[in-house]
Amino acid sequence: MTTTLDIRVKKVNKVYHEGEFITGVVVFNSPTDIKHDGITLNLEGTVNLQLSPKNVGIFEAFYNSVKPIQLVQCSLEVAAPGKMPSGKTEVPFEAPLHPRPNKTLFETYHGVFINIQYVLQCTLKRSFLAKDLTKKAEFIVEYKPNQCEKAVPTPVRFSITPESLQNVRDRSKIPRFVVSGVLDSTVCCITRPFTGDLVVEHCEIGIKSIELQLVRVETCGCAEGYARDATEIQNIQIGEGNVARGVRIPIYMIFPRLFTCPTLSTSNFKVEFEVNIVIIFENDHLVTENFPITLKRS
């Protein structure tokens with residue numbers, strides 16, 4: 001049996017709100033008694049920004065001007081120096097979740113170029129002859145529903161045709177088609193599904209697939225400039241094969257936890273979201289219609 005250290009928070013879902021106390025226990029397991037120089041617990045919340053490889057060199061000043069943004073920092077002494085007995089020992093802790101002065105706690109978000117993360121790190125300090133024991137555990141921060149602006153439904157009707165498409169050089173190569181429908185709202189509550197429907201009214205060639213794509217648009221920058229990158233979060237097939245004409249096809253998508261958050265805009269970074277309706281024809285050509293959406297927690 002090896003000596004282990006673990007952090008267990010009281011809430012099973014690990015979700016906390018600003019102003020709450022994070023309570024739990026530090027669990028120590030050892031086959032023998034161990035002397036230590038104290039057990040500390042650090043609570044940290046940071047925003048980590050980075051540039052995509054395609055922008056390296058363009059924004060060299062970015063690396064010097066934008067460092068990780070520290071949102072919260074708290075350090076506690078869980079146990080004074082002494083001896084930890086053999087077997088299993090649980091030491092309780094309680095840490096306040098408050099932002100640093102002039103900072104705001106944003107929701108937990110795991111992106112490609114932007115990461116907002118909150119972590120508990122416990123360290124059992126030992127003498128210079130023995131290595132310190134360290135354990136990290138992430139917890140989730142969400143806005144309180146009553147502190148957010150409510151998502152007021154804003155339905156959007158659409159009609160996708162060759163003439164409605166953007167960034168097309170030669171429209172003569174696009175088959176004649178009409179796809180219409182409605183998105184129930186482009187202002188969405190993050191805990192509710194994204195819904196709507198579409199109908200293929202006409203298409204002169206066969207259809208291979210109709211897909212719904214959720215995209216994150218991350219913007220990082222500083223005074224020297226901004227880098228904007230769009231990356232796919234998830235892709236859901238809502239129609240397979242040459243779907244029947246005139247038949248209503250439902251649109252239904254759940255926003256994935258951690259990989260989405262309420263739409264966010266600050267002086268250093270932005271996290272925005274878009275939905276694409278993608279129609280793939282049987283000749284493997286595809287067309288895409290883009291819809292910016294706003295996410296809220298309410």
# chains A, B, ... in the order shown; residues from 1 in each chain; ligands from 1
call {"tool": "residues_around", "arguments": {"residues": "Ala244 of chain A", "least_positions_apart": "5", "cutoff": "10 Å", "atoms": "only C-alpha atoms", "output": "list in words"}}
result
Val199, Val200, Glu201, His202, Ile207, Gly239 and Ile249 of chain A
call {"tool": "closest_atom_pairs", "arguments": {"of": "segment 175-203 of chain A", "to": "segment 144-158 of chain A", "cutoff": "8 Å", "atoms": "only C-alpha atoms", "output": "JSON lines"}}
result
{"residue": "A:Ser180", "atom": "CA", "partner": "A:Phe158", "partner_atom": "CA", "distance": 5.5}
{"residue": "A:Gly181", "atom": "CA", "partner": "A:Phe158", "partner_atom": "CA", "distance": 5.5}
{"residue": "A:Val182", "atom": "CA", "partner": "A:Arg157", "partner_atom": "CA", "distance": 4.2}
{"residue": "A:Leu183", "atom": "CA", "partner": "A:Val156", "partner_atom": "CA", "distance": 5.2}
{"residue": "A:Asp184", "atom": "CA", "partner": "A:Pro155", "partner_atom": "CA", "distance": 4.6}
{"residue": "A:Ser185", "atom": "CA", "partner": "A:Pro155", "partner_atom": "CA", "distance": 4.3}
{"residue": "A:Thr186", "atom": "CA", "partner": "A:Thr154", "partner_atom": "CA", "distance": 5.9}
{"residue": "A:Val187", "atom": "CA", "partner": "A:Ala151", "partner_atom": "CA", "distance": 5.8}
{"residue": "A:Cys188", "atom": "CA", "partner": "A:Ala151", "partner_atom": "CA", "distance": 5.8}
{"residue": "A:Cys189", "atom": "CA", "partner": "A:Ala151", "partner_atom": "CA", "distance": 5.8}
call {"tool": "residues_around", "arguments": {"residues": "segment 131-143 of chain A", "least_positions_apart": "2", "cutoff": "8 Å", "atoms": "only C-alpha atoms", "output": "MDAnalysis selection string"}}
result
chainID A and resid 4:7 14:18 105:108 117:129 145 147:148 297
call {"tool": "closest_residue", "arguments": {"among": "A:Val215, A:Ala80, A:Val278, A:Leu286", "to": "His36 of chain A", "atoms": "only C-alpha atoms"}}
result
A:Ala80
call {"tool": "residues_around", "arguments": {"residues": "Ile69 of chain A", "least_positions_apart": "3", "cutoff": "9 Å", "atoms": "only C-alpha atoms", "output": "PDB file with N, CA and C atoms, in the first residue's frame"}}
result
ATOM      1  N   GLY A  45      -8.670  30.097  -9.171  1.00  0.00           N
ATOM      2  CA  GLY A  45      -9.488  30.175 -10.374  1.00  0.00           C
ATOM      3  C   GLY A  45      -8.768  31.048 -11.388  1.00  0.00           C
ATOM      4  N   THR A  46      -8.542  30.540 -12.578  1.00  0.00           N
ATOM      5  CA  THR A  46      -7.765  31.276 -13.579  1.00  0.00           C
ATOM      6  C   THR A  46      -8.405  31.188 -14.961  1.00  0.00           C
ATOM      7  N   VAL A  47      -8.130  32.197 -15.772  1.00  0.00           N
ATOM      8  CA  VAL A  47      -8.461  32.175 -17.196  1.00  0.00           C
ATOM      9  C   VAL A  47      -7.147  32.055 -17.949  1.00  0.00           C
ATOM     10  N   ASN A  48      -6.974  30.966 -18.686  1.00  0.00           N
ATOM     11  CA  ASN A  48      -5.766  30.754 -19.481  1.00  0.00           C
ATOM     12  C   ASN A  48      -6.071  31.002 -20.946  1.00  0.00           C
ATOM     13  N   LEU A  49      -5.281  31.876 -21.563  1.00  0.00           N
ATOM     14  CA  LEU A  49      -5.470  32.238 -22.965  1.00  0.00           C
ATOM     15  C   LEU A  49      -4.270  31.785 -23.777  1.00  0.00           C
ATOM     16  N   VAL A  66      -0.523  39.332 -22.253  1.00  0.00           N
ATOM     17  CA  VAL A  66      -1.662  38.600 -21.702  1.00  0.00           C
ATOM     18  C   VAL A  66      -1.170  37.365 -20.961  1.00  0.00           C
TER      19      VAL A  66
END
call {"tool": "atom_distance", "arguments": {"atom1": "atom CA of Gly221 of chain A", "atom2": "atom CA of Ser265 of chain A"}}
result
11.8 Å
call {"tool": "select_by_dssp", "arguments": {"residues": "segment 7-225 of chain A", "states": "strand (DSSP E or B)", "output": "VMD selection string"}}
result
chain A and resid 7 to 9 15 to 16 21 to 30 34 to 36 39 to 49 69 to 79 82 to 84 87 to 96 109 to 110 114 to 124 133 to 141 156 to 160 177 to 183 187 to 189 194 to 203 207 to 222 225
call {"tool": "closest_residue", "arguments": {"among": "A:Val25, A:Lys296, A:Thr288, A:Gly38", "to": "Ile160 of chain A", "atoms": "only C-alpha atoms"}}
result
A:Thr288
